[in-house]
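Quick notes on the structure that follows.
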Amino acid sequence: MGIKVGIIGIGNMGKSYALTLDQGLIAGAELSAVCGRNTQQEWVTTNLKAEVKFFDDENAFFNEAKMDALLIATPHYSHPELAMKAFAKGMHVLLEKPAGVFTKNVIEMNQAAAKSGKVFSMMFNQRTNPLYQKLRNLILAGELGEIKRTNWIITDWYRSQSYYDSSHWRATWKGEGGGVLLNQAPHQLDLWQWTTGLEPKRVHGFCHNGKYHDIEVEDDVTAYVEYENGATGVFIASTGEAPGTNRFEIQGDRGKIVVENNALTFYRLTQSEREFNATYKGGFGKPECWTIDIPVAGENTAHQGIIQNWIDAITKGTPLLAPGEEGIKGVELANAIYLSSWLNQTIELPVNPDFYYEKLQEKINQSVKNYR
């Protein structure tokens, strides 16, 4: 008998997680119950073991299902609320990204998690990718020296109008609370900080709502950030470009690392640029640079790897790869970018949670589609 896991939310990702658990792909865990709309019961009956209980009532699910742990795969707004409900019931929690829509209730969720003492993880599946793990290790080991600049262009999230039209809650302030920043790019907002060890202190964002689609939220974003050490960064995301680009570039005192096309290239200086600048007397010279293709070994276990890590943390005390409390970092940054764009001014982090919530409510009240 393993950890009894329940899943709430049986959409695309919820179905995938249910099958992963039900098919015994997660050691030490078993799927015991799922909660979704009554229209999804047929899928559950057809695809999952008979022992898996189905609920279409949230309260009955929390009160009657036999669960030690809960995996949450519902729409964004409900994430903190459901997590706090699970913590109050003494359950461990694995939360689909993003951690929430606004930091006000994400802070409350983190406090509830700490108070509960339960294992809390985020579904940041890209942290299992050996490419980003290697990048993080190189940077934190000091191979790049002090970081000067970061630049991530992530525009290969192309989405058609039919995608947005497929669900009435998509791409609305009431239904999702944002667009490309909250739906497609949370993994990159997380990795941007996780791999570099840097968190922006100031941001100026430019969000273009419905630039390429008939939607009310942003489908094109450019954000400029500043770090405490004087480094700067740019983050560009869009769902309206084809073909898109996914290129992450980190410039440091000892060279530059580029992540693109599933490859890691290190343009390594043989000496510090600052040292060269201070000592070189030859005019137009520049530091010697070696181009190194960094080998990346290991399997990208993706979502399954995060679920297994969460279960191992519960049963064996294994350190979490994606601690739940870290989910607030990406939400904080997204909130700052939105607020900066709305007010057309540079925003200092952390964002005032009450002020952002107030401004978000204004957007929700102007929402064309009456979702929530």
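For the structure tokens, the naming scheme is as follows: chains receive sequential letters (A, B, ...) according to their order of presentation, residues are indexed from 1 within each chain, and ligands are indexed from 1 in presentation order.
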Close residues, A:Ala334 itself excluded, 12 Å, only C-alpha atoms, min 3 positions apart in chain, as a PDB file with N, CA and C atoms, in the first residue's frame:
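Ended up saving to around.pdb:
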```
ATOM      1  N   PRO A  98       0.156  27.911 -12.579  1.00  0.00           N
ATOM      2  CA  PRO A  98       0.954  28.698 -11.651  1.00  0.00           C
ATOM      3  C   PRO A  98       0.461  28.509 -10.220  1.00  0.00           C
ATOM      4  N   ALA A  99       1.243  29.003  -9.258  1.00  0.00           N
ATOM      5  CA  ALA A  99       0.846  28.864  -7.853  1.00  0.00           C
ATOM      6  C   ALA A  99      -0.452  29.593  -7.571  1.00  0.00           C
ATOM      7  N   GLY A 100      -0.739  30.594  -8.351  1.00  0.00           N
ATOM      8  CA  GLY A 100      -1.961  31.361  -8.209  1.00  0.00           C
ATOM      9  C   GLY A 100      -1.959  32.468  -9.240  1.00  0.00           C
ATOM     10  N   VAL A 101      -2.920  33.349  -9.148  1.00  0.00           N
ATOM     11  CA  VAL A 101      -3.025  34.460 -10.090  1.00  0.00           C
ATOM     12  C   VAL A 101      -2.450  35.738  -9.480  1.00  0.00           C
ATOM     13  N   PHE A 102      -2.571  35.886  -8.162  1.00  0.00           N
ATOM     14  CA  PHE A 102      -2.075  37.083  -7.483  1.00  0.00           C
ATOM     15  C   PHE A 102      -1.422  36.659  -6.174  1.00  0.00           C
ATOM     16  N   THR A 103      -0.419  37.428  -5.748  1.00  0.00           N
ATOM     17  CA  THR A 103       0.390  37.011  -4.595  1.00  0.00           C
ATOM     18  C   THR A 103      -0.368  37.055  -3.275  1.00  0.00           C
ATOM     19  N   GLY A 177      -7.016  35.059 -15.411  1.00  0.00           N
ATOM     20  CA  GLY A 177      -6.269  36.087 -14.698  1.00  0.00           C
ATOM     21  C   GLY A 177      -5.076  36.611 -15.457  1.00  0.00           C
ATOM     22  N   GLY A 178      -4.971  36.228 -16.726  1.00  0.00           N
ATOM     23  CA  GLY A 178      -3.855  36.666 -17.544  1.00  0.00           C
ATOM     24  C   GLY A 178      -3.747  35.806 -18.793  1.00  0.00           C
ATOM     25  N   GLY A 179      -2.733  36.083 -19.607  1.00  0.00           N
ATOM     26  CA  GLY A 179      -2.553  35.358 -20.851  1.00  0.00           C
ATOM     27  C   GLY A 179      -1.269  34.561 -20.886  1.00  0.00           C
ATOM     28  N   VAL A 180      -0.386  34.900 -21.815  1.00  0.00           N
ATOM     29  CA  VAL A 180       0.823  34.104 -22.025  1.00  0.00           C
ATOM     30  C   VAL A 180       1.696  34.024 -20.767  1.00  0.00           C
ATOM     31  N   LEU A 181       1.697  35.073 -19.943  1.00  0.00           N
ATOM     32  CA  LEU A 181       2.533  35.055 -18.735  1.00  0.00           C
ATOM     33  C   LEU A 181       2.050  34.032 -17.714  1.00  0.00           C
ATOM     34  N   LEU A 182       0.723  33.862 -17.611  1.00  0.00           N
ATOM     35  CA  LEU A 182       0.169  32.966 -16.594  1.00  0.00           C
ATOM     36  C   LEU A 182      -0.165  31.587 -17.126  1.00  0.00           C
ATOM     37  N   ASN A 183      -0.347  31.461 -18.435  1.00  0.00           N
ATOM     38  CA  ASN A 183      -0.737  30.173 -18.997  1.00  0.00           C
ATOM     39  C   ASN A 183       0.452  29.427 -19.585  1.00  0.00           C
ATOM     40  N   GLN A 184       1.143  30.043 -20.536  1.00  0.00           N
ATOM     41  CA  GLN A 184       2.223  29.342 -21.229  1.00  0.00           C
ATOM     42  C   GLN A 184       3.605  29.511 -20.581  1.00  0.00           C
ATOM     43  N   ALA A 185       3.902  30.693 -20.078  1.00  0.00           N
ATOM     44  CA  ALA A 185       5.284  31.001 -19.681  1.00  0.00           C
ATOM     45  C   ALA A 185       5.662  30.817 -18.207  1.00  0.00           C
ATOM     46  N   PRO A 186       4.791  30.336 -17.314  1.00  0.00           N
ATOM     47  CA  PRO A 186       5.221  30.191 -15.920  1.00  0.00           C
ATOM     48  C   PRO A 186       6.463  29.326 -15.739  1.00  0.00           C
ATOM     49  N   HIS A 187       6.652  28.318 -16.589  1.00  0.00           N
ATOM     50  CA  HIS A 187       7.857  27.484 -16.459  1.00  0.00           C
ATOM     51  C   HIS A 187       9.117  28.315 -16.704  1.00  0.00           C
ATOM     52  N   GLN A 188       9.070  29.182 -17.716  1.00  0.00           N
ATOM     53  CA  GLN A 188      10.247  30.002 -18.016  1.00  0.00           C
ATOM     54  C   GLN A 188      10.458  31.084 -16.958  1.00  0.00           C
ATOM     55  N   LEU A 189       9.369  31.661 -16.439  1.00  0.00           N
ATOM     56  CA  LEU A 189       9.522  32.638 -15.360  1.00  0.00           C
ATOM     57  C   LEU A 189      10.173  31.989 -14.144  1.00  0.00           C
ATOM     58  N   ASP A 190       9.850  30.711 -13.913  1.00  0.00           N
ATOM     59  CA  ASP A 190      10.475  29.979 -12.815  1.00  0.00           C
ATOM     60  C   ASP A 190      11.938  29.678 -13.119  1.00  0.00           C
ATOM     61  N   PRO A 200      14.672  39.390  -9.891  1.00  0.00           N
ATOM     62  CA  PRO A 200      14.603  40.810 -10.252  1.00  0.00           C
ATOM     63  C   PRO A 200      14.132  41.680  -9.090  1.00  0.00           C
ATOM     64  N   VAL A 203      11.185  46.089 -12.406  1.00  0.00           N
ATOM     65  CA  VAL A 203      10.725  45.609 -13.703  1.00  0.00           C
ATOM     66  C   VAL A 203       9.907  46.690 -14.413  1.00  0.00           C
ATOM     67  N   HIS A 204      10.081  46.743 -15.719  1.00  0.00           N
ATOM     68  CA  HIS A 204       9.204  47.566 -16.552  1.00  0.00           C
ATOM     69  C   HIS A 204       8.676  46.656 -17.652  1.00  0.00           C
ATOM     70  N   GLY A 205       7.370  46.487 -17.675  1.00  0.00           N
ATOM     71  CA  GLY A 205       6.763  45.539 -18.597  1.00  0.00           C
ATOM     72  C   GLY A 205       5.868  46.201 -19.630  1.00  0.00           C
ATOM     73  N   PHE A 206       5.778  45.561 -20.786  1.00  0.00           N
ATOM     74  CA  PHE A 206       4.915  46.016 -21.865  1.00  0.00           C
ATOM     75  C   PHE A 206       4.075  44.822 -22.320  1.00  0.00           C
ATOM     76  N   CYS A 207       2.808  44.815 -21.944  1.00  0.00           N
ATOM     77  CA  CYS A 207       1.894  43.723 -22.282  1.00  0.00           C
ATOM     78  C   CYS A 207       0.900  44.206 -23.335  1.00  0.00           C
ATOM     79  N   GLU A 218      -3.165  39.407 -22.480  1.00  0.00           N
ATOM     80  CA  GLU A 218      -1.969  39.606 -23.302  1.00  0.00           C
ATOM     81  C   GLU A 218      -1.559  38.338 -24.063  1.00  0.00           C
ATOM     82  N   VAL A 221       4.385  39.945 -24.881  1.00  0.00           N
ATOM     83  CA  VAL A 221       4.969  40.612 -23.710  1.00  0.00           C
ATOM     84  C   VAL A 221       6.460  40.857 -23.904  1.00  0.00           C
ATOM     85  N   THR A 222       6.898  42.029 -23.519  1.00  0.00           N
ATOM     86  CA  THR A 222       8.331  42.304 -23.391  1.00  0.00           C
ATOM     87  C   THR A 222       8.546  42.940 -22.015  1.00  0.00           C
ATOM     88  N   ALA A 223       9.445  42.360 -21.235  1.00  0.00           N
ATOM     89  CA  ALA A 223       9.712  42.884 -19.892  1.00  0.00           C
ATOM     90  C   ALA A 223      11.210  43.122 -19.716  1.00  0.00           C
ATOM     91  N   VAL A 225      14.090  43.899 -16.793  1.00  0.00           N
ATOM     92  CA  VAL A 225      14.281  43.797 -15.346  1.00  0.00           C
ATOM     93  C   VAL A 225      15.683  44.231 -14.952  1.00  0.00           C
ATOM     94  N   PHE A 235      12.824  39.679 -20.996  1.00  0.00           N
ATOM     95  CA  PHE A 235      11.998  38.477 -21.160  1.00  0.00           C
ATOM     96  C   PHE A 235      10.941  38.793 -22.197  1.00  0.00           C
ATOM     97  N   ALA A 237       7.831  37.071 -24.561  1.00  0.00           N
ATOM     98  CA  ALA A 237       6.974  35.901 -24.751  1.00  0.00           C
ATOM     99  C   ALA A 237       5.802  36.274 -25.645  1.00  0.00           C
ATOM    100  N   GLY A 327       6.800  28.728  -5.725  1.00  0.00           N
ATOM    101  CA  GLY A 327       5.869  29.086  -6.777  1.00  0.00           C
ATOM    102  C   GLY A 327       5.513  30.553  -6.787  1.00  0.00           C
ATOM    103  N   ILE A 328       5.658  31.207  -5.635  1.00  0.00           N
ATOM    104  CA  ILE A 328       5.289  32.622  -5.551  1.00  0.00           C
ATOM    105  C   ILE A 328       6.226  33.500  -6.374  1.00  0.00           C
ATOM    106  N   LYS A 329       7.442  33.033  -6.638  1.00  0.00           N
ATOM    107  CA  LYS A 329       8.416  33.875  -7.347  1.00  0.00           C
ATOM    108  C   LYS A 329       7.952  34.232  -8.751  1.00  0.00           C
ATOM    109  N   GLY A 330       7.454  33.240  -9.480  1.00  0.00           N
ATOM    110  CA  GLY A 330       6.963  33.502 -10.824  1.00  0.00           C
ATOM    111  C   GLY A 330       5.699  34.342 -10.826  1.00  0.00           C
ATOM    112  N   VAL A 331       4.808  34.099  -9.848  1.00  0.00           N
ATOM    113  CA  VAL A 331       3.581  34.888  -9.738  1.00  0.00           C
ATOM    114  C   VAL A 331       3.925  36.340  -9.418  1.00  0.00           C
ATOM    115  N   ILE A 337       5.058  42.594 -13.830  1.00  0.00           N
ATOM    116  CA  ILE A 337       5.035  42.925 -15.257  1.00  0.00           C
ATOM    117  C   ILE A 337       3.675  43.488 -15.647  1.00  0.00           C
ATOM    118  N   TYR A 338       2.609  42.829 -15.189  1.00  0.00           N
ATOM    119  CA  TYR A 338       1.265  43.334 -15.472  1.00  0.00           C
ATOM    120  C   TYR A 338       1.085  44.741 -14.917  1.00  0.00           C
ATOM    121  N   LEU A 339       1.424  44.913 -13.650  1.00  0.00           N
ATOM    122  CA  LEU A 339       1.206  46.198 -12.990  1.00  0.00           C
ATOM    123  C   LEU A 339       1.995  47.307 -13.687  1.00  0.00           C
ATOM    124  N   SER A 340       3.218  47.002 -14.057  1.00  0.00           N
ATOM    125  CA  SER A 340       4.043  47.980 -14.764  1.00  0.00           C
ATOM    126  C   SER A 340       3.404  48.386 -16.080  1.00  0.00           C
ATOM    127  N   SER A 341       2.874  47.392 -16.807  1.00  0.00           N
ATOM    128  CA  SER A 341       2.242  47.681 -18.092  1.00  0.00           C
ATOM    129  C   SER A 341       0.970  48.510 -17.899  1.00  0.00           C
ATOM    130  N   ILE A 347       8.245  49.118 -11.697  1.00  0.00           N
ATOM    131  CA  ILE A 347       7.704  48.584 -10.449  1.00  0.00           C
ATOM    132  C   ILE A 347       8.818  47.939  -9.638  1.00  0.00           C
ATOM    133  N   LEU A 349      10.026  45.314  -6.777  1.00  0.00           N
ATOM    134  CA  LEU A 349       9.581  44.063  -6.181  1.00  0.00           C
ATOM    135  C   LEU A 349      10.042  43.981  -4.732  1.00  0.00           C
ATOM    136  N   PRO A 350       9.260  43.376  -3.821  1.00  0.00           N
ATOM    137  CA  PRO A 350       7.982  42.718  -4.082  1.00  0.00           C
ATOM    138  C   PRO A 350       6.848  43.704  -4.301  1.00  0.00           C
ATOM    139  N   VAL A 351       5.878  43.262  -5.094  1.00  0.00           N
ATOM    140  CA  VAL A 351       4.691  44.066  -5.372  1.00  0.00           C
ATOM    141  C   VAL A 351       3.803  44.099  -4.132  1.00  0.00           C
ATOM    142  N   TYR A 356      -2.037  45.167  -5.994  1.00  0.00           N
ATOM    143  CA  TYR A 356      -2.183  44.393  -7.225  1.00  0.00           C
ATOM    144  C   TYR A 356      -3.562  43.748  -7.292  1.00  0.00           C
TER     145      TYR A 356
END
```
Would you list the contacts of stretch 302-317 of chain A as a ChimeraX atom specification, taking every protein, DNA or RNA residue within 9 Å and counting only C-alpha atoms, but skipping same-chain residues closer than 2 positions in sequence?
/A:2-3,17,20-21,25-29,69,71,92-94,118-129,299-300,319-322
Restrict the selected residues to N, CA and C atoms and save them as an mmCIF file, in the first residue's frame.
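And here is the file that came out, out.cif:
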```cif
data_model
loop_
_atom_site.group_PDB
_atom_site.id
_atom_site.type_symbol
_atom_site.label_atom_id
_atom_site.label_comp_id
_atom_site.auth_asym_id
_atom_site.auth_seq_id
_atom_site.Cartn_x
_atom_site.Cartn_y
_atom_site.Cartn_z
ATOM 1 N N GLY A 2 0.603 2.138 -0.940
ATOM 2 C CA GLY A 2 1.381 3.361 -1.014
ATOM 3 C C GLY A 2 0.585 4.558 -0.536
ATOM 4 N N ILE A 3 1.123 5.730 -0.781
ATOM 5 C CA ILE A 3 0.430 6.975 -0.463
ATOM 6 C C ILE A 3 -0.817 7.064 -1.332
ATOM 7 N N TYR A 17 -2.187 12.978 -15.438
ATOM 8 C CA TYR A 17 -1.689 12.617 -14.108
ATOM 9 C C TYR A 17 -2.429 11.390 -13.568
ATOM 10 N N THR A 20 -1.033 8.317 -15.220
ATOM 11 C CA THR A 20 0.319 8.037 -14.706
ATOM 12 C C THR A 20 0.256 7.317 -13.367
ATOM 13 N N LEU A 21 -0.592 7.803 -12.483
ATOM 14 C CA LEU A 21 -0.728 7.186 -11.160
ATOM 15 C C LEU A 21 -1.463 5.856 -11.234
ATOM 16 N N LEU A 25 2.910 3.932 -12.466
ATOM 17 C CA LEU A 25 4.196 4.481 -12.900
ATOM 18 C C LEU A 25 4.909 5.269 -11.813
ATOM 19 N N ILE A 26 4.215 5.518 -10.696
ATOM 20 C CA ILE A 26 4.810 6.246 -9.571
ATOM 21 C C ILE A 26 4.987 5.282 -8.403
ATOM 22 N N ALA A 27 6.223 4.971 -8.086
ATOM 23 C CA ALA A 27 6.508 4.044 -6.990
ATOM 24 C C ALA A 27 6.081 4.640 -5.659
ATOM 25 N N GLY A 28 5.375 3.844 -4.861
ATOM 26 C CA GLY A 28 4.976 4.278 -3.529
ATOM 27 C C GLY A 28 3.695 5.066 -3.490
ATOM 28 N N ALA A 29 2.958 5.106 -4.618
ATOM 29 C CA ALA A 29 1.714 5.882 -4.656
ATOM 30 C C ALA A 29 0.630 5.108 -5.388
ATOM 31 N N ALA A 69 -2.780 12.570 0.074
ATOM 32 C CA ALA A 69 -2.147 13.634 -0.685
ATOM 33 C C ALA A 69 -3.045 14.038 -1.842
ATOM 34 N N LEU A 71 -3.297 16.129 -5.647
ATOM 35 C CA LEU A 71 -2.712 16.777 -6.815
ATOM 36 C C LEU A 71 -3.786 17.684 -7.406
ATOM 37 N N HIS A 92 -0.846 16.226 1.985
ATOM 38 C CA HIS A 92 0.272 16.751 1.216
ATOM 39 C C HIS A 92 -0.289 17.285 -0.099
ATOM 40 N N VAL A 93 0.421 18.246 -0.722
ATOM 41 C CA VAL A 93 -0.120 18.884 -1.921
ATOM 42 C C VAL A 93 0.927 18.994 -3.020
ATOM 43 N N LEU A 94 0.506 18.641 -4.239
ATOM 44 C CA LEU A 94 1.273 18.928 -5.451
ATOM 45 C C LEU A 94 0.386 19.815 -6.313
ATOM 46 N N LYS A 118 3.100 19.708 6.031
ATOM 47 C CA LYS A 118 2.950 18.717 4.974
ATOM 48 C C LYS A 118 3.879 19.023 3.805
ATOM 49 N N VAL A 119 4.098 18.025 2.951
ATOM 50 C CA VAL A 119 5.000 18.191 1.806
ATOM 51 C C VAL A 119 4.245 18.921 0.691
ATOM 52 N N PHE A 120 4.792 20.036 0.276
ATOM 53 C CA PHE A 120 4.158 20.922 -0.692
ATOM 54 C C PHE A 120 5.102 21.118 -1.868
ATOM 55 N N SER A 121 4.645 20.747 -3.057
ATOM 56 C CA SER A 121 5.484 20.851 -4.249
ATOM 57 C C SER A 121 4.724 21.511 -5.383
ATOM 58 N N MET A 122 5.478 22.136 -6.300
ATOM 59 C CA MET A 122 4.913 22.716 -7.512
ATOM 60 C C MET A 122 5.214 21.810 -8.701
ATOM 61 N N MET A 123 4.326 21.821 -9.688
ATOM 62 C CA MET A 123 4.546 21.038 -10.895
ATOM 63 C C MET A 123 5.421 21.821 -11.873
ATOM 64 N N PHE A 124 6.634 22.141 -11.431
ATOM 65 C CA PHE A 124 7.614 22.777 -12.310
ATOM 66 C C PHE A 124 8.424 21.665 -12.975
ATOM 67 N N ASN A 125 7.799 21.011 -13.951
ATOM 68 C CA ASN A 125 8.396 19.825 -14.549
ATOM 69 C C ASN A 125 9.675 20.123 -15.322
ATOM 70 N N GLN A 126 9.875 21.384 -15.741
ATOM 71 C CA GLN A 126 11.104 21.694 -16.474
ATOM 72 C C GLN A 126 12.341 21.649 -15.578
ATOM 73 N N ARG A 127 12.137 21.642 -14.270
ATOM 74 C CA ARG A 127 13.288 21.507 -13.375
ATOM 75 C C ARG A 127 13.884 20.097 -13.423
ATOM 76 N N THR A 128 13.175 19.144 -14.035
ATOM 77 C CA THR A 128 13.737 17.797 -14.188
ATOM 78 C C THR A 128 14.579 17.689 -15.450
ATOM 79 N N ASN A 129 14.572 18.712 -16.287
ATOM 80 C CA ASN A 129 15.308 18.687 -17.550
ATOM 81 C C ASN A 129 16.808 18.808 -17.287
ATOM 82 N N GLU A 299 18.021 11.778 -18.103
ATOM 83 C CA GLU A 299 16.690 11.721 -18.683
ATOM 84 C C GLU A 299 15.831 12.875 -18.172
ATOM 85 N N ASN A 300 15.081 13.470 -19.080
ATOM 86 C CA ASN A 300 14.114 14.494 -18.702
ATOM 87 C C ASN A 300 12.825 13.778 -18.302
ATOM 88 N N PRO A 319 14.755 15.491 -0.707
ATOM 89 C CA PRO A 319 14.563 16.935 -0.933
ATOM 90 C C PRO A 319 13.714 17.195 -2.170
ATOM 91 N N LEU A 320 12.846 18.187 -2.078
ATOM 92 C CA LEU A 320 11.986 18.538 -3.206
ATOM 93 C C LEU A 320 12.782 19.269 -4.287
ATOM 94 N N LEU A 321 12.524 18.880 -5.516
ATOM 95 C CA LEU A 321 13.129 19.579 -6.643
ATOM 96 C C LEU A 321 12.428 20.916 -6.891
ATOM 97 N N ALA A 322 11.128 20.960 -6.605
ATOM 98 C CA ALA A 322 10.340 22.177 -6.828
ATOM 99 C C ALA A 322 9.478 22.469 -5.604
#
```
Contacts of stretch 278-290 of chain A at 7 Å (only C-alpha atoms; same-chain gap of 6+ positions) as a VMD selection string
chain A and resid 267 to 271
Which polymer residues have any atom within 10 Å of an atom of A:Ala231, counting only C-alpha atoms, with same-chain residues fewer than 3 positions away left out, as JSON, numbers by chain?
{"A": [146, 147, 148, 149, 150, 198, 200, 225, 226, 227, 228, 251, 252]}
Could you check the closest approach to A:Asp57 for each of A:Glu332, A:His76, A:Glu81, A:Arg37 and tell me which residue wins, using only C-alpha atoms?
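The answer is A:Arg37, which sits nearest to A:Asp57.
Interatomic distance, atom CA of A:Phe355 to atom CA of A:Tyr224: 21.3 Å.
For A:Gly36, the residues within 6 Å (counting only C-alpha atoms, excluding itself and residues fewer than 4 positions away along the chain) are Gly9, Ile10 and Asp56 of chain A.
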In stretch 180-315 of chain A, what's strand (DSSP E or B) per DSSP? Answer as a short mmCIF file (atom, residue, chain, number, x, y, z; two decimals) with N, CA and C atoms, in the first residue's frame?
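File result-v7.cif, as written:
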```
data_model
loop_
_atom_site.label_atom_id
_atom_site.label_comp_id
_atom_site.auth_asym_id
_atom_site.auth_seq_id
_atom_site.Cartn_x
_atom_site.Cartn_y
_atom_site.Cartn_z
N ARG A 202 13.56 45.23 -9.89
CA ARG A 202 12.76 46.24 -10.57
C ARG A 202 12.37 45.70 -11.94
N VAL A 203 11.19 46.09 -12.41
CA VAL A 203 10.73 45.61 -13.70
C VAL A 203 9.91 46.69 -14.41
N HIS A 204 10.08 46.74 -15.72
CA HIS A 204 9.20 47.57 -16.55
C HIS A 204 8.68 46.66 -17.65
N GLY A 205 7.37 46.49 -17.67
CA GLY A 205 6.76 45.54 -18.60
C GLY A 205 5.87 46.20 -19.63
N PHE A 206 5.78 45.56 -20.79
CA PHE A 206 4.92 46.02 -21.86
C PHE A 206 4.08 44.82 -22.32
N CYS A 207 2.81 44.82 -21.94
CA CYS A 207 1.89 43.72 -22.28
C CYS A 207 0.90 44.21 -23.33
N HIS A 208 0.78 43.47 -24.41
CA HIS A 208 -0.12 43.84 -25.49
C HIS A 208 -1.29 42.86 -25.50
N ASN A 209 -2.45 43.37 -25.11
CA ASN A 209 -3.65 42.53 -25.01
C ASN A 209 -4.29 42.32 -26.37
N GLU A 218 -3.17 39.41 -22.48
CA GLU A 218 -1.97 39.61 -23.30
C GLU A 218 -1.56 38.34 -24.06
N ASP A 219 -1.19 38.53 -25.34
CA ASP A 219 -0.60 37.45 -26.13
C ASP A 219 0.79 37.84 -26.63
N ASP A 220 1.31 38.96 -26.12
CA ASP A 220 2.64 39.42 -26.50
C ASP A 220 3.20 40.28 -25.36
N VAL A 221 4.39 39.94 -24.88
CA VAL A 221 4.97 40.61 -23.71
C VAL A 221 6.46 40.86 -23.90
N THR A 222 6.90 42.03 -23.52
CA THR A 222 8.33 42.30 -23.39
C THR A 222 8.55 42.94 -22.02
N ALA A 223 9.44 42.36 -21.24
CA ALA A 223 9.71 42.88 -19.89
C ALA A 223 11.21 43.12 -19.72
N TYR A 224 11.52 44.25 -19.14
CA TYR A 224 12.91 44.60 -18.81
C TYR A 224 13.05 44.56 -17.29
N VAL A 225 14.09 43.90 -16.79
CA VAL A 225 14.28 43.80 -15.35
C VAL A 225 15.68 44.23 -14.95
N GLU A 226 15.80 44.64 -13.69
CA GLU A 226 17.10 44.98 -13.10
C GLU A 226 17.29 44.16 -11.84
N THR A 232 21.11 43.31 -15.80
CA THR A 232 19.80 43.58 -16.38
C THR A 232 19.31 42.35 -17.12
N GLY A 233 18.03 42.33 -17.46
CA GLY A 233 17.48 41.20 -18.18
C GLY A 233 16.29 41.59 -19.02
N VAL A 234 16.01 40.79 -20.04
CA VAL A 234 14.86 40.98 -20.90
C VAL A 234 14.15 39.64 -21.06
N PHE A 235 12.82 39.68 -21.00
CA PHE A 235 12.00 38.48 -21.16
C PHE A 235 10.94 38.79 -22.20
N ILE A 236 10.91 38.01 -23.27
CA ILE A 236 9.96 38.22 -24.36
C ILE A 236 9.15 36.95 -24.57
N ALA A 237 7.83 37.07 -24.56
CA ALA A 237 6.97 35.90 -24.75
C ALA A 237 5.80 36.27 -25.65
N SER A 238 5.37 35.31 -26.47
CA SER A 238 4.25 35.57 -27.36
C SER A 238 3.61 34.26 -27.78
N ASN A 246 13.01 29.89 -29.02
CA ASN A 246 13.24 29.63 -27.59
C ASN A 246 14.75 29.70 -27.37
N ARG A 247 15.21 30.86 -26.94
CA ARG A 247 16.65 31.09 -26.76
C ARG A 247 16.87 31.80 -25.43
N PHE A 248 17.63 31.18 -24.57
CA PHE A 248 17.96 31.73 -23.25
C PHE A 248 19.46 32.00 -23.24
N GLU A 249 19.81 33.25 -22.98
CA GLU A 249 21.21 33.67 -23.03
C GLU A 249 21.59 34.34 -21.72
N ILE A 250 22.68 33.90 -21.13
CA ILE A 250 23.15 34.46 -19.86
C ILE A 250 24.59 34.92 -20.05
N GLN A 251 24.81 36.21 -19.89
CA GLN A 251 26.14 36.80 -20.04
C GLN A 251 26.75 37.05 -18.68
N GLY A 252 27.98 36.57 -18.49
CA GLY A 252 28.67 36.79 -17.23
C GLY A 252 30.04 37.38 -17.44
N GLY A 255 32.16 34.90 -19.54
CA GLY A 255 31.70 34.37 -20.81
C GLY A 255 30.19 34.42 -20.93
N LYS A 256 29.67 33.56 -21.78
CA LYS A 256 28.24 33.56 -22.08
C LYS A 256 27.78 32.12 -22.29
N ILE A 257 26.59 31.82 -21.78
CA ILE A 257 25.98 30.51 -22.03
C ILE A 257 24.69 30.73 -22.80
N VAL A 258 24.50 29.93 -23.85
CA VAL A 258 23.28 30.01 -24.66
C VAL A 258 22.59 28.65 -24.63
N VAL A 259 21.29 28.67 -24.32
CA VAL A 259 20.47 27.47 -24.37
C VAL A 259 19.49 27.63 -25.53
N GLU A 260 19.64 26.78 -26.53
CA GLU A 260 18.76 26.84 -27.70
C GLU A 260 18.81 25.50 -28.42
N ALA A 263 20.28 22.40 -26.73
CA ALA A 263 21.74 22.32 -26.59
C ALA A 263 22.24 23.45 -25.69
N LEU A 264 23.38 23.20 -25.05
CA LEU A 264 23.98 24.14 -24.12
C LEU A 264 25.36 24.51 -24.66
N THR A 265 25.55 25.78 -25.04
CA THR A 265 26.83 26.23 -25.58
C THR A 265 27.43 27.27 -24.65
N PHE A 266 28.68 27.03 -24.27
CA PHE A 266 29.39 27.91 -23.34
C PHE A 266 30.50 28.62 -24.11
N TYR A 267 30.35 29.94 -24.26
CA TYR A 267 31.39 30.75 -24.86
C TYR A 267 32.26 31.25 -23.70
N ARG A 268 33.31 30.50 -23.42
CA ARG A 268 34.07 30.67 -22.18
C ARG A 268 35.30 31.54 -22.38
N LEU A 269 35.40 32.63 -21.63
CA LEU A 269 36.58 33.48 -21.66
C LEU A 269 37.70 32.82 -20.87
N CYS A 289 38.35 33.62 -26.27
CA CYS A 289 37.10 32.92 -25.99
C CYS A 289 37.11 31.53 -26.62
N TRP A 290 36.74 30.54 -25.84
CA TRP A 290 36.61 29.16 -26.34
C TRP A 290 35.12 28.82 -26.47
N THR A 291 34.75 28.23 -27.57
CA THR A 291 33.37 27.78 -27.75
C THR A 291 33.28 26.31 -27.35
N ILE A 292 32.48 26.03 -26.33
CA ILE A 292 32.41 24.68 -25.77
C ILE A 292 30.97 24.17 -25.83
N ASP A 293 30.78 23.04 -26.47
CA ASP A 293 29.47 22.39 -26.45
C ASP A 293 29.40 21.54 -25.18
N ILE A 294 28.60 21.98 -24.24
CA ILE A 294 28.52 21.31 -22.94
C ILE A 294 27.71 20.01 -23.07
#
```
Considering only C-alpha atoms, can you say which of A:Ala60, A:Ala50, A:Ala141, A:Val106 comes closest to A:Glu326?
A:Val106
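The shell of residues at most 6 Å from stretch 158-171 of chain A, with only C-alpha atoms counted and near chain neighbours (fewer than 4 positions) removed, consists of Gly175, Gly179, Ile215, Val217, Thr239, Gly240 and Tyr371 of chain A.
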